[in-house]
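Asker: Data file input.txt (compact mmCIF, C-alpha atoms (C1' of nucleotides)) is appended below.
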# COMPACT_ATOMS: atom_id res chain seq x y z
CA MET L 1 -12.47 -6.87 -32.69
CA ARG L 2 -9.05 -7.69 -31.31
CA PRO L 3 -8.81 -5.62 -28.11
CA THR L 4 -5.42 -4.21 -29.08
CA LYS L 5 -5.70 -0.93 -27.22
CA ARG L 6 -7.51 -2.42 -24.27
CA GLY L 7 -4.91 -5.13 -23.82
CA GLU L 8 -2.12 -2.65 -24.30
CA LEU L 9 -3.66 -0.42 -21.66
CA LEU L 10 -3.96 -3.29 -19.21
CA GLN L 11 -0.36 -4.35 -19.64
CA LYS L 12 1.02 -0.86 -19.27
CA ALA L 13 -1.30 -0.04 -16.38
CA LEU L 14 -0.12 -3.21 -14.67
CA LYS L 15 3.48 -2.06 -14.91
CA ALA L 16 2.64 1.44 -13.73
CA PHE L 17 0.59 0.25 -10.75
CA TYR L 18 3.27 -2.26 -9.84
CA ARG L 19 6.01 0.34 -9.94
CA ASN L 20 4.19 3.21 -8.24
CA GLY L 21 1.28 1.80 -6.32
CA PHE L 22 -2.44 2.17 -6.99
CA ASN L 23 -3.36 5.36 -5.16
CA ALA L 24 -0.12 7.00 -6.19
CA THR L 25 -0.77 6.39 -9.89
CA GLY L 26 -3.36 8.84 -11.16
CA MET L 27 -5.25 8.48 -14.41
CA ASP L 28 -3.32 11.40 -15.89
CA LYS L 29 -0.06 9.63 -15.16
CA LEU L 30 -1.49 6.58 -16.87
CA VAL L 31 -2.22 8.71 -19.92
CA ALA L 32 1.36 9.96 -19.91
CA GLU L 33 2.89 6.50 -19.50
CA THR L 34 0.65 4.58 -21.88
CA GLY L 35 0.10 7.16 -24.58
CA ILE L 36 -3.58 6.22 -24.52
CA SER L 37 -6.13 8.99 -24.19
CA LYS L 38 -8.16 9.30 -21.03
CA THR L 39 -11.37 9.30 -23.02
CA SER L 40 -10.40 5.97 -24.49
CA MET L 41 -9.59 4.54 -21.09
CA TYR L 42 -12.96 5.50 -19.74
CA LYS L 43 -14.63 3.91 -22.74
CA HIS L 44 -13.10 0.57 -21.74
CA PHE L 45 -13.42 0.94 -17.98
CA ARG L 46 -16.13 2.87 -16.22
CA THR L 47 -13.98 3.75 -13.22
CA LYS L 48 -10.42 3.48 -12.01
CA GLU L 49 -11.57 0.68 -9.73
CA ASP L 50 -12.77 -1.32 -12.73
CA LEU L 51 -9.41 -0.80 -14.37
CA ILE L 52 -7.62 -2.03 -11.27
CA LEU L 53 -9.83 -5.10 -11.07
CA ALA L 54 -9.06 -5.91 -14.70
CA VAL L 55 -5.34 -5.38 -14.08
CA LEU L 56 -5.50 -7.78 -11.14
CA ARG L 57 -7.26 -10.37 -13.28
CA LEU L 58 -4.49 -10.07 -15.85
CA ARG L 59 -1.82 -10.36 -13.20
CA ASP L 60 -3.49 -13.37 -11.62
CA GLU L 61 -3.49 -15.21 -14.91
CA GLN L 62 0.04 -14.08 -15.76
CA PHE L 63 1.56 -14.94 -12.41
CA ARG L 64 -0.08 -18.30 -11.81
CA ASN L 65 0.74 -19.31 -15.33
CA TRP L 66 4.36 -18.36 -14.90
CA LEU L 67 4.74 -19.97 -11.48
CA TYR L 68 3.05 -23.25 -12.41
CA ARG L 69 5.05 -23.64 -15.59
CA ARG L 70 8.27 -22.80 -13.83
CA MET L 71 7.57 -25.38 -11.12
CA GLU L 72 6.93 -27.96 -13.83
CA ALA L 73 10.07 -27.07 -15.72
CA LEU L 74 12.35 -27.16 -12.70
CA ALA L 75 11.30 -30.56 -11.34
CA ASP L 76 9.60 -33.78 -12.37
CA THR L 77 7.74 -35.14 -9.37
CA PRO L 78 4.96 -33.42 -7.41
CA ARG L 79 7.12 -33.50 -4.31
CA GLU L 80 10.09 -31.89 -6.04
CA ARG L 81 7.83 -29.36 -7.68
CA LEU L 82 6.63 -28.15 -4.31
CA ILE L 83 10.22 -27.40 -3.45
CA ALA L 84 10.90 -25.93 -6.87
CA MET L 85 8.36 -23.23 -6.06
CA PHE L 86 11.04 -21.58 -3.96
CA ASP L 87 13.59 -21.76 -6.74
CA ALA L 88 11.08 -20.04 -8.98
CA LEU L 89 10.54 -17.39 -6.30
CA GLU L 90 14.27 -16.82 -6.15
CA GLU L 91 14.34 -16.12 -9.87
CA TRP L 92 11.50 -13.65 -9.42
CA PHE L 93 13.17 -11.86 -6.52
CA ALA L 94 16.33 -11.48 -8.58
CA GLU L 95 14.56 -9.45 -11.26
CA PRO L 96 15.67 -5.83 -11.02
CA GLU L 97 12.09 -4.59 -11.26
CA TYR L 98 10.95 -6.82 -8.39
CA LYS L 99 8.68 -4.86 -6.06
CA GLY L 100 6.80 -7.52 -4.11
CA CYS L 101 3.38 -9.02 -4.71
CA LEU L 102 0.75 -6.90 -6.45
CA PHE L 103 -2.06 -8.56 -4.54
CA ILE L 104 -0.50 -7.87 -1.17
CA LYS L 105 -0.09 -4.26 -2.28
CA ALA L 106 -3.69 -4.13 -3.43
CA SER L 107 -5.06 -5.53 -0.18
CA SER L 108 -2.84 -3.11 1.65
CA GLU L 109 -4.20 -0.05 -0.17
CA PHE L 110 -7.80 -1.29 -0.21
CA GLN L 111 -7.99 -2.73 3.24
CA ASP L 112 -11.64 -3.35 3.82
CA ALA L 113 -12.23 -7.08 3.43
CA SER L 114 -15.52 -6.36 1.68
CA HIS L 115 -13.87 -4.18 -0.98
CA PRO L 116 -13.94 -5.83 -4.43
CA ILE L 117 -10.23 -5.28 -4.90
CA HIS L 118 -9.44 -6.88 -1.56
CA LYS L 119 -11.74 -9.81 -2.29
CA GLN L 120 -10.21 -10.40 -5.68
CA SER L 121 -6.73 -10.41 -4.17
CA ALA L 122 -7.86 -13.03 -1.69
CA ASP L 123 -9.24 -15.08 -4.58
CA HIS L 124 -5.82 -15.15 -6.19
CA LYS L 125 -4.30 -16.53 -3.01
CA ARG L 126 -7.03 -19.12 -2.77
CA LEU L 127 -6.28 -20.37 -6.27
CA LEU L 128 -2.63 -20.76 -5.37
CA GLU L 129 -3.58 -22.64 -2.23
CA SER L 130 -5.72 -25.13 -4.06
CA HIS L 131 -3.00 -25.79 -6.61
CA VAL L 132 -0.37 -26.39 -3.95
CA THR L 133 -2.77 -28.58 -1.98
CA ASP L 134 -3.32 -30.66 -5.14
CA LEU L 135 0.41 -31.08 -5.56
CA ALA L 136 0.82 -32.15 -1.93
CA GLU L 137 -1.94 -34.70 -2.44
CA LYS L 138 -0.37 -36.06 -5.60
CA ALA L 139 2.91 -36.33 -3.76
CA GLY L 140 1.18 -38.61 -1.26
CA LEU L 141 2.12 -36.38 1.66
CA ALA L 142 0.26 -36.38 4.96
CA ASP L 143 -2.27 -33.60 5.65
CA PRO L 144 -1.85 -31.99 2.21
CA GLY L 145 -4.06 -29.03 3.12
CA GLY L 146 -2.10 -28.19 6.25
CA LEU L 147 1.22 -28.64 4.49
CA ALA L 148 0.11 -26.42 1.62
CA ARG L 149 -0.87 -23.67 4.02
CA GLN L 150 2.49 -23.90 5.74
CA LEU L 151 4.40 -23.75 2.48
CA LEU L 152 2.37 -20.76 1.36
CA LEU L 153 3.10 -18.96 4.62
CA LEU L 154 6.77 -19.37 3.75
CA LYS L 155 6.08 -18.13 0.23
CA GLU L 156 4.24 -14.99 1.37
CA GLY L 157 6.86 -14.35 4.03
CA ALA L 158 9.64 -14.67 1.48
CA ILE L 159 7.84 -12.29 -0.89
CA VAL L 160 7.50 -9.47 1.63
CA THR L 161 10.94 -10.12 3.09
CA ALA L 162 12.52 -9.98 -0.35
CA HIS L 163 10.80 -6.65 -0.94
CA LEU L 164 11.71 -5.17 2.44
CA GLY L 165 15.26 -6.18 1.66
CA HIS L 166 16.50 -6.56 5.22
CA THR L 167 17.56 -10.14 4.59
CA GLU L 168 19.83 -11.57 1.92
CA THR L 169 18.44 -14.99 1.07
CA PRO L 170 14.69 -15.16 1.75
CA ALA L 171 14.00 -17.67 -1.02
CA GLN L 172 16.74 -20.02 0.09
CA ASP L 173 15.72 -19.70 3.73
CA ALA L 174 12.18 -20.55 2.76
CA LYS L 175 13.36 -23.50 0.70
CA VAL L 176 15.37 -24.94 3.59
CA ALA L 177 12.35 -24.60 5.86
CA ALA L 178 10.09 -26.13 3.21
CA LEU L 179 12.34 -29.17 2.90
CA ARG L 180 12.05 -29.76 6.64
CA LEU L 181 8.29 -29.37 6.58
CA LEU L 182 8.05 -31.84 3.72
CA LYS L 183 10.06 -34.37 5.68
CA ALA L 184 7.64 -34.04 8.57
CA HIS L 185 4.78 -34.84 6.19
CA ALA L 186 6.48 -37.77 4.46
CA GLY L 187 4.03 -40.46 3.47
CA MET F 1 7.50 20.81 28.16
CA ARG F 2 5.55 17.58 28.02
CA PRO F 3 4.84 17.03 24.32
CA THR F 4 1.13 16.52 24.95
CA LYS F 5 -0.11 17.62 21.54
CA ARG F 6 2.74 16.12 19.62
CA GLY F 7 2.27 12.74 21.23
CA GLU F 8 -1.46 12.92 20.79
CA LEU F 9 -0.99 13.73 17.12
CA LEU F 10 1.38 10.80 16.66
CA GLN F 11 -0.98 8.33 18.29
CA LYS F 12 -4.02 9.48 16.33
CA ALA F 13 -2.07 9.73 13.10
CA LEU F 14 -0.87 6.18 13.67
CA LYS F 15 -4.44 4.96 13.93
CA ALA F 16 -5.54 6.93 10.89
CA PHE F 17 -2.64 5.75 8.72
CA TYR F 18 -3.18 2.18 9.88
CA ARG F 19 -6.87 2.26 9.07
CA ASN F 20 -6.74 4.13 5.77
CA GLY F 21 -3.22 3.87 4.41
CA PHE F 22 -0.60 6.58 4.02
CA ASN F 23 -1.32 8.04 0.61
CA ALA F 24 -5.07 7.77 1.17
CA THR F 25 -4.89 9.80 4.40
CA GLY F 26 -4.47 13.48 3.59
CA MET F 27 -3.38 16.13 6.04
CA ASP F 28 -6.88 17.62 6.02
CA LYS F 29 -8.33 14.28 7.03
CA LEU F 30 -5.78 14.17 9.82
CA VAL F 31 -7.00 17.57 10.98
CA ALA F 32 -10.56 16.30 10.99
CA GLU F 33 -9.75 13.08 12.84
CA THR F 34 -7.31 14.46 15.40
CA GLY F 35 -8.86 17.85 16.09
CA ILE F 36 -5.38 19.32 15.85
CA SER F 37 -4.89 22.29 13.57
CA LYS F 38 -2.83 21.93 10.45
CA THR F 39 -0.68 24.86 11.50
CA SER F 40 0.21 23.03 14.66
CA MET F 41 1.04 19.84 12.82
CA TYR F 42 3.43 21.62 10.53
CA LYS F 43 5.08 23.22 13.53
CA HIS F 44 5.97 19.76 14.85
CA PHE F 45 6.76 18.11 11.51
CA ARG F 46 8.18 19.85 8.48
CA THR F 47 6.53 17.51 5.99
CA LYS F 48 4.06 14.66 5.85
CA GLU F 49 7.01 12.37 5.30
CA ASP F 50 8.53 13.47 8.60
CA LEU F 51 5.23 12.78 10.30
CA ILE F 52 5.10 9.30 8.81
CA LEU F 53 8.66 8.57 9.90
CA ALA F 54 7.80 9.62 13.45
CA VAL F 55 4.66 7.50 13.37
CA LEU F 56 6.71 4.51 12.26
CA ARG F 57 9.18 5.09 15.09
CA LEU F 58 6.30 5.11 17.55
CA ARG F 59 4.84 1.96 16.06
CA ASP F 60 8.21 0.21 16.11
CA GLU F 61 8.61 0.89 19.80
CA GLN F 62 4.99 0.03 20.55
CA PHE F 63 4.92 -3.21 18.60
CA ARG F 64 8.26 -4.64 19.64
CA ASN F 65 7.51 -3.79 23.23
CA TRP F 66 4.16 -5.53 23.05
CA LEU F 67 5.43 -8.60 21.22
CA TYR F 68 8.48 -9.14 23.44
CA ARG F 69 6.48 -8.77 26.66
CA ARG F 70 3.78 -11.04 25.37
CA MET F 71 6.33 -13.70 24.46
CA GLU F 72 7.80 -13.44 27.97
CA ALA F 73 4.43 -13.65 29.62
CA LEU F 74 3.24 -16.66 27.66
CA ALA F 75 6.28 -18.90 28.22
CA ASP F 76 9.28 -19.32 30.50
CA THR F 77 12.12 -20.71 28.42
CA PRO F 78 13.73 -19.18 25.33
CA ARG F 79 12.66 -22.16 23.28
CA GLU F 80 9.04 -21.92 24.38
CA ARG F 81 9.07 -18.18 23.88
CA LEU F 82 10.00 -18.60 20.25
CA ILE F 83 6.86 -20.67 19.83
CA ALA F 84 4.82 -18.28 21.95
CA MET F 85 5.47 -15.62 19.31
CA PHE F 86 2.79 -17.30 17.21
CA ASP F 87 0.31 -17.34 20.09
CA ALA F 88 0.90 -13.61 20.47
CA LEU F 89 0.34 -13.17 16.74
CA GLU F 90 -2.94 -15.03 17.02
CA GLU F 91 -4.10 -12.60 19.68
CA TRP F 92 -3.15 -9.72 17.41
CA PHE F 93 -4.94 -11.16 14.38
CA ALA F 94 -8.09 -11.61 16.47
CA GLU F 95 -8.37 -7.88 17.21
CA PRO F 96 -11.29 -6.44 15.24
CA GLU F 97 -9.17 -3.50 14.05
CA TYR F 98 -6.44 -5.78 12.71
CA LYS F 99 -5.28 -4.59 9.30
CA GLY F 100 -1.89 -6.20 8.81
CA CYS F 101 1.59 -4.83 9.45
CA LEU F 102 2.13 -1.08 9.19
CA PHE F 103 5.71 -1.55 8.00
CA ILE F 104 4.71 -3.87 5.19
CA LYS F 105 2.11 -1.29 4.18
CA ALA F 106 4.68 1.47 4.35
CA SER F 107 7.20 -0.38 2.21
CA SER F 108 4.40 -1.17 -0.19
CA GLU F 109 3.40 2.47 -0.64
CA PHE F 110 6.98 3.79 -0.63
CA GLN F 111 8.60 1.11 -2.69
CA ASP F 112 11.98 2.50 -3.53
CA ALA F 113 14.50 0.76 -1.28
CA SER F 114 16.37 4.04 -0.88
CA HIS F 115 13.30 5.90 0.39
CA PRO F 116 13.64 6.83 4.10
CA ILE F 117 10.26 5.30 4.90
CA HIS F 118 11.20 2.04 3.22
CA LYS F 119 14.56 1.97 4.97
CA GLN F 120 13.03 2.60 8.35
CA SER F 121 10.55 -0.22 7.81
CA ALA F 122 13.42 -2.55 7.01
CA ASP F 123 15.14 -1.42 10.21
CA HIS F 124 12.14 -2.53 12.22
CA LYS F 125 12.31 -5.99 10.69
CA ARG F 126 16.03 -6.15 11.39
CA LEU F 127 15.46 -5.41 15.06
CA LEU F 128 12.95 -8.23 15.24
CA GLU F 129 15.39 -10.56 13.55
CA SER F 130 18.17 -9.85 15.99
CA HIS F 131 15.87 -10.41 18.95
CA VAL F 132 14.63 -13.74 17.61
CA THR F 133 18.19 -14.77 16.77
CA ASP F 134 19.18 -14.00 20.37
CA LEU F 135 16.38 -16.15 21.66
CA ALA F 136 17.37 -19.04 19.39
CA GLU F 137 20.92 -18.73 20.65
CA LYS F 138 19.84 -18.72 24.28
CA ALA F 139 17.73 -21.78 23.57
CA GLY F 140 20.89 -23.54 22.45
CA LEU F 141 19.46 -24.32 19.03
CA ALA F 142 21.59 -25.07 15.99
CA ASP F 143 22.12 -22.32 13.41
CA PRO F 144 20.23 -19.68 15.40
CA GLY F 145 20.45 -17.10 12.61
CA GLY F 146 19.01 -19.41 10.00
CA LEU F 147 16.30 -20.63 12.31
CA ALA F 148 15.35 -17.07 13.22
CA ARG F 149 15.02 -16.13 9.55
CA GLN F 150 12.82 -19.15 8.93
CA LEU F 151 10.57 -18.36 11.88
CA LEU F 152 10.26 -14.77 10.74
CA LEU F 153 9.29 -15.88 7.26
CA LEU F 154 6.43 -17.75 8.90
CA LYS F 155 5.58 -14.67 10.94
CA GLU F 156 5.48 -12.32 7.93
CA GLY F 157 3.54 -14.88 5.94
CA ALA F 158 1.01 -15.25 8.72
CA ILE F 159 0.63 -11.47 9.00
CA VAL F 160 -0.21 -10.94 5.34
CA THR F 161 -2.32 -14.09 5.17
CA ALA F 162 -4.34 -13.02 8.21
CA HIS F 163 -4.97 -9.69 6.51
CA LEU F 164 -5.89 -11.17 3.14
CA GLY F 165 -8.32 -13.36 5.02
CA HIS F 166 -8.38 -16.26 2.58
CA THR F 167 -7.30 -18.71 5.26
CA GLU F 168 -8.80 -19.43 8.66
CA THR F 169 -5.90 -20.24 10.95
CA PRO F 170 -2.69 -18.60 9.76
CA ALA F 171 -1.24 -18.21 13.26
CA GLN F 172 -1.86 -21.83 14.17
CA ASP F 173 -0.53 -23.05 10.85
CA ALA F 174 2.60 -21.00 11.40
CA LYS F 175 2.94 -22.36 14.93
CA VAL F 176 2.72 -25.97 13.77
CA ALA F 177 5.37 -25.27 11.15
CA ALA F 178 7.53 -23.46 13.70
CA LEU F 179 7.43 -26.43 16.05
CA ARG F 180 8.71 -28.69 13.29
CA LEU F 181 11.48 -26.27 12.38
CA LEU F 182 12.53 -26.06 16.02
CA LYS F 183 12.75 -29.84 16.20
CA ALA F 184 15.05 -29.84 13.21
CA HIS F 185 17.33 -27.40 15.02
CA ALA F 186 17.31 -29.19 18.39
CA GLY F 187 20.62 -28.94 20.18
C1' DA D 1 1.20 41.31 35.16
C1' DT D 2 4.05 39.94 31.41
C1' DC D 3 5.85 37.67 27.65
C1' DA D 4 7.05 33.93 24.83
C1' DA D 5 5.73 29.38 23.42
C1' DA D 6 2.15 26.72 21.66
C1' DG D 7 -2.15 26.33 19.53
C1' DT D 8 -6.15 27.94 16.74
C1' DG D 9 -9.24 29.03 12.47
C1' DA D 10 -9.61 30.25 7.97
C1' DA D 11 -8.23 31.59 3.86
C1' DC D 12 -5.22 30.62 0.27
C1' DC D 13 -1.54 28.43 -3.09
C1' DG D 14 -0.53 25.59 -7.41
C1' DA D 15 -0.91 20.84 -8.49
C1' DT D 16 -3.27 16.83 -8.96
C1' DC D 17 -7.24 13.83 -8.13
C1' DG D 18 -11.15 10.88 -10.71
C1' DG D 19 -14.19 11.74 -14.19
C1' DT D 20 -16.92 14.24 -18.15
C1' DA D 21 -18.06 16.78 -22.60
C1' DA D 22 -17.62 18.09 -27.22
C1' DA D 23 -15.84 18.02 -31.63
C1' DC D 24 -12.86 15.62 -34.60
C1' DT D 25 -10.04 11.66 -36.99
C1' DT D 26 -8.77 6.97 -37.97
C1' DT D 27 -9.97 2.46 -39.33
C1' DG D 28 -12.04 -1.76 -40.91
C1' DA D 29 -15.95 -4.64 -42.36
C1' DG D 30 -20.15 -4.86 -45.35
C1' DC O 1 -17.92 3.87 -50.80
C1' DT O 2 -20.06 4.13 -46.45
C1' DC O 3 -20.92 4.21 -41.85
C1' DA O 4 -20.27 2.99 -37.22
C1' DA O 5 -16.92 1.76 -33.80
C1' DA O 6 -12.82 3.10 -31.70
C1' DG O 7 -9.57 6.47 -30.89
C1' DT O 8 -8.01 11.23 -30.60
C1' DT O 9 -7.23 16.24 -28.49
C1' DT O 10 -8.51 19.74 -25.56
C1' DA O 11 -10.75 21.80 -22.21
C1' DC O 12 -13.19 21.52 -18.26
C1' DC O 13 -15.51 20.03 -13.55
C1' DG O 14 -15.51 20.12 -8.28
C1' DA O 15 -12.73 17.97 -4.82
C1' DT O 16 -8.66 17.10 -2.63
C1' DC O 17 -3.62 17.03 -2.38
C1' DG O 18 0.66 18.84 0.60
C1' DG O 19 1.92 23.02 2.34
C1' DT O 20 1.86 28.24 3.70
C1' DT O 21 0.32 32.66 5.61
C1' DC O 22 -1.78 35.66 8.82
C1' DA O 23 -4.10 37.34 12.57
C1' DC O 24 -5.59 35.79 16.79
C1' DT O 25 -6.04 33.12 21.52
C1' DT O 26 -4.62 30.14 25.19
C1' DT O 27 -1.37 28.89 28.65
C1' DG O 28 2.33 28.52 32.01
C1' DA O 29 6.59 30.07 34.05
C1' DT O 30 8.92 34.06 35.84
Please rewrite the model in this file as structure tokens.

Answerer:
Amino acid sequence: MRPTKRGELLQKALKAFYRNGFNATGMDKLVAETGISKTSMYKHFRTKEDLILAVLRLRDEQFRNWLYRRMEALADTPRERLIAMFDALEEWFAEPEYKGCLFIKASSEFQDASHPIHKQSADHKRLLESHVTDLAEKAGLADPGGLARQLLLLKEGAIVTAHLGHTETPAQDAKVAALRLLKAHAG
Amino acid sequence: MRPTKRGELLQKALKAFYRNGFNATGMDKLVAETGISKTSMYKHFRTKEDLILAVLRLRDEQFRNWLYRRMEALADTPRERLIAMFDALEEWFAEPEYKGCLFIKASSEFQDASHPIHKQSADHKRLLESHVTDLAEKAGLADPGGLARQLLLLKEGAIVTAHLGHTETPAQDAKVAALRLLKAHAG
DNA sequence: ATCAAAGTGAACCGATCGGTAAACTTTGAG
DNA sequence: CTCAAAGTTTACCGATCGGTTCACTTTGAT
């Protein structure tokens, strides 16, 4: 009952979609890269869209888990952990396979706001926002919601800037800005 | 000698790519939407990639022109114009056809940093950076380069956040943050 | 009036797209 | 051992992909 093949497919599909994009990665290419038969894929997922949605769910869990744990590991207080988010981002950007944010890509290839893939990408961002807002609250900072939104603008900006590659130190720039914004919200 | 058809093709292709994405917009769809024959398209552009590069050049000119003029119209001093960038963004986000930044989309569909389309998208961002740095210099603000990079992180963040649609007021949030960053760089 | 440049429509190319069908093999729990 | 679930290979479907070819028409300057 262990979904060995299904999980394996999801993980490998995630990598393939992340490397090549969604529209640019056909099901036949997925067969070639995963070694899993197309028939088997379509037994687990009725359509490519369903596969993509499942991949995004996996990535959401994977990414939030990683980011939250990294923020906890790098700092001890809620306030410091907010700042540590940008150190974690810097680690991510430094990975050789870094290719930006999968959810931004997804919303960019499935643009209609009513599209399930677009909606699910927005959900991921909402979860991040509520976590950062919580942290800002626990840190006793003023207007935690507003501060969280500002910090996340810096995060998203750093993510696309790091991918575009026209700037050298997006994570550090974002961190410097974040420190100043935190000061302005000091309790 | 006026490139009537060529220009018309570029403008309509720009709209089509912006609405539907690059990979998702085939040449046949372009024929259908522009009313221009495929033969004629391939007389002006050797490949789809060439077409896309020309579309991005057009968009670069169009967008920077619009943004710079809007920033000039909305405020009188360099310092105020830096802030006015976020008012201009808010106007852009409010357009019903708003679908994010074409260059972010392009770099997301053509991910390899060495790909001409990716490079050209990075060039666009570089031009914006140098303009904003100039403004920060003219405003007599400290560390104009660093400040410009921070403001542009907010801008890129607001652009993707406005497209994801999970937040109500990305432009205003970015503006509030920008005001605080400007204060920290006061001369 | 002429002639080349620019544009057109339609058919066509091999490759790939998302998805299906059929017949067969592997595997693990009762 | 048995039997169903899960996985496999292979071939196939109509549609679309980027791109080409060919025969023809429109247009504007000389």

Asker: At a cut-off of 12 Å, list the chain D residues touching chain F, using only C-alpha atoms (C1' of nucleotides), as a list of chain:residue names.

Answerer: D:DA5, D:DA6, D:DG7, D:DT8, D:DG9, D:DA10, D:DC17

Asker: For Thr47 (chain F), which residue among F:Val132, F:Met27, F:Leu10, F:Ala162 is the nearest when counting all atoms listed in the file?

Answerer: F:Met27

Asker: Would you mind reading off the distance between C1' of DT27 (chain D) and CA of Asp28 (chain L), one decimal, in Å?

Answerer: 26.0 Å

Asker: Separation of CA of Ile83 (chain L) and CA of Leu164 (chain F), in Å?

Answerer: 23.8 Å

Asker: Please, what distance in Å, to one decimal, runs between CA of Leu74 (chain F) and CA of Leu147 (chain L)?

Answerer: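 Spanning CA of Leu74 (chain F) to CA of Leu147 (chain L) is a straight-line distance of 26.2 Å.
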
Asker: Check the smallest atom-to-atom distance from each of O:DC1, O:DA23, O:DT16, O:DA6 to DT16 (chain D) using all atoms listed in the file, then report the winner.

Answerer: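 Of all the options, O:DT16 lies closest to DT16 (chain D).
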
Asker: Write out as a tab-separated table a residue-level contact list of chain O versus chain F with cut-off 10 Å: for each qualifying residue the closest pair of atoms and the distance in Å to one decimal, counting all atoms listed in the file, rows sorted by chain and residue number upward.

Answerer:
residue	atom	partner	partner_atom	distance
O:DT16	C1'	F:Gly26	CA	8.3
O:DC17	C1'	F:Gly26	CA	7.0
O:DG18	C1'	F:Met27	CA	7.3
O:DG19	C1'	F:Thr47	CA	8.1
O:DT20	C1'	F:Thr39	CA	8.9
O:DT21	C1'	F:Thr39	CA	9.8

Asker: Output region 73-85 of chain F as a PDB file, in the frame of the given file, making sure N, CA, C and O atoms are there.

Answerer:
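Heads up, here's the output in out_10.pdb:
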ATOM      1  N   ALA F  73       5.529 -13.310  28.725  1.00  0.00           N
ATOM      2  CA  ALA F  73       4.430 -13.650  29.620  1.00  0.00           C
ATOM      3  C   ALA F  73       3.855 -15.030  29.320  1.00  0.00           C
ATOM      4  O   ALA F  73       3.394 -15.735  30.232  1.00  0.00           O
ATOM      5  N   LEU F  74       3.908 -15.411  28.055  1.00  0.00           N
ATOM      6  CA  LEU F  74       3.240 -16.660  27.660  1.00  0.00           C
ATOM      7  C   LEU F  74       4.098 -17.903  27.875  1.00  0.00           C
ATOM      8  O   LEU F  74       3.582 -19.021  27.853  1.00  0.00           O
ATOM      9  N   ALA F  75       5.400 -17.728  28.067  1.00  0.00           N
ATOM     10  CA  ALA F  75       6.280 -18.900  28.220  1.00  0.00           C
ATOM     11  C   ALA F  75       7.507 -18.535  29.046  1.00  0.00           C
ATOM     12  O   ALA F  75       7.847 -17.356  29.176  1.00  0.00           O
ATOM     13  N   ASP F  76       8.183 -19.566  29.555  1.00  0.00           N
ATOM     14  CA  ASP F  76       9.280 -19.320  30.500  1.00  0.00           C
ATOM     15  C   ASP F  76      10.669 -19.544  29.920  1.00  0.00           C
ATOM     16  O   ASP F  76      11.628 -18.902  30.336  1.00  0.00           O
ATOM     17  N   THR F  77      10.791 -20.439  28.970  1.00  0.00           N
ATOM     18  CA  THR F  77      12.120 -20.710  28.420  1.00  0.00           C
ATOM     19  C   THR F  77      12.266 -20.062  27.045  1.00  0.00           C
ATOM     20  O   THR F  77      11.268 -19.820  26.362  1.00  0.00           O
ATOM     21  N   PRO F  78      13.499 -19.778  26.653  1.00  0.00           N
ATOM     22  CA  PRO F  78      13.730 -19.180  25.330  1.00  0.00           C
ATOM     23  C   PRO F  78      13.088 -19.999  24.221  1.00  0.00           C
ATOM     24  O   PRO F  78      12.460 -19.451  23.313  1.00  0.00           O
ATOM     25  N   ARG F  79      13.222 -21.288  24.317  1.00  0.00           N
ATOM     26  CA  ARG F  79      12.660 -22.160  23.280  1.00  0.00           C
ATOM     27  C   ARG F  79      11.143 -22.011  23.198  1.00  0.00           C
ATOM     28  O   ARG F  79      10.566 -21.873  22.118  1.00  0.00           O
ATOM     29  N   GLU F  80      10.500 -22.042  24.358  1.00  0.00           N
ATOM     30  CA  GLU F  80       9.040 -21.920  24.380  1.00  0.00           C
ATOM     31  C   GLU F  80       8.591 -20.520  23.957  1.00  0.00           C
ATOM     32  O   GLU F  80       7.499 -20.339  23.415  1.00  0.00           O
ATOM     33  N   ARG F  81       9.437 -19.555  24.249  1.00  0.00           N
ATOM     34  CA  ARG F  81       9.070 -18.180  23.880  1.00  0.00           C
ATOM     35  C   ARG F  81       9.093 -17.981  22.369  1.00  0.00           C
ATOM     36  O   ARG F  81       8.328 -17.169  21.832  1.00  0.00           O
ATOM     37  N   LEU F  82       9.992 -18.677  21.718  1.00  0.00           N
ATOM     38  CA  LEU F  82      10.000 -18.600  20.250  1.00  0.00           C
ATOM     39  C   LEU F  82       8.659 -19.076  19.705  1.00  0.00           C
ATOM     40  O   LEU F  82       8.082 -18.457  18.800  1.00  0.00           O
ATOM     41  N   ILE F  83       8.160 -20.143  20.270  1.00  0.00           N
ATOM     42  CA  ILE F  83       6.860 -20.670  19.830  1.00  0.00           C
ATOM     43  C   ILE F  83       5.725 -19.743  20.243  1.00  0.00           C
ATOM     44  O   ILE F  83       4.753 -19.552  19.498  1.00  0.00           O
ATOM     45  N   ALA F  84       5.884 -19.163  21.440  1.00  0.00           N
ATOM     46  CA  ALA F  84       4.820 -18.280  21.950  1.00  0.00           C
ATOM     47  C   ALA F  84       4.619 -17.062  21.053  1.00  0.00           C
ATOM     48  O   ALA F  84       3.557 -16.416  21.095  1.00  0.00           O
ATOM     49  N   MET F  85       5.632 -16.741  20.243  1.00  0.00           N
ATOM     50  CA  MET F  85       5.470 -15.620  19.310  1.00  0.00           C
ATOM     51  C   MET F  85       4.211 -15.812  18.460  1.00  0.00           C
ATOM     52  O   MET F  85       3.473 -14.856  18.188  1.00  0.00           O
TER      53      MET F  85
END
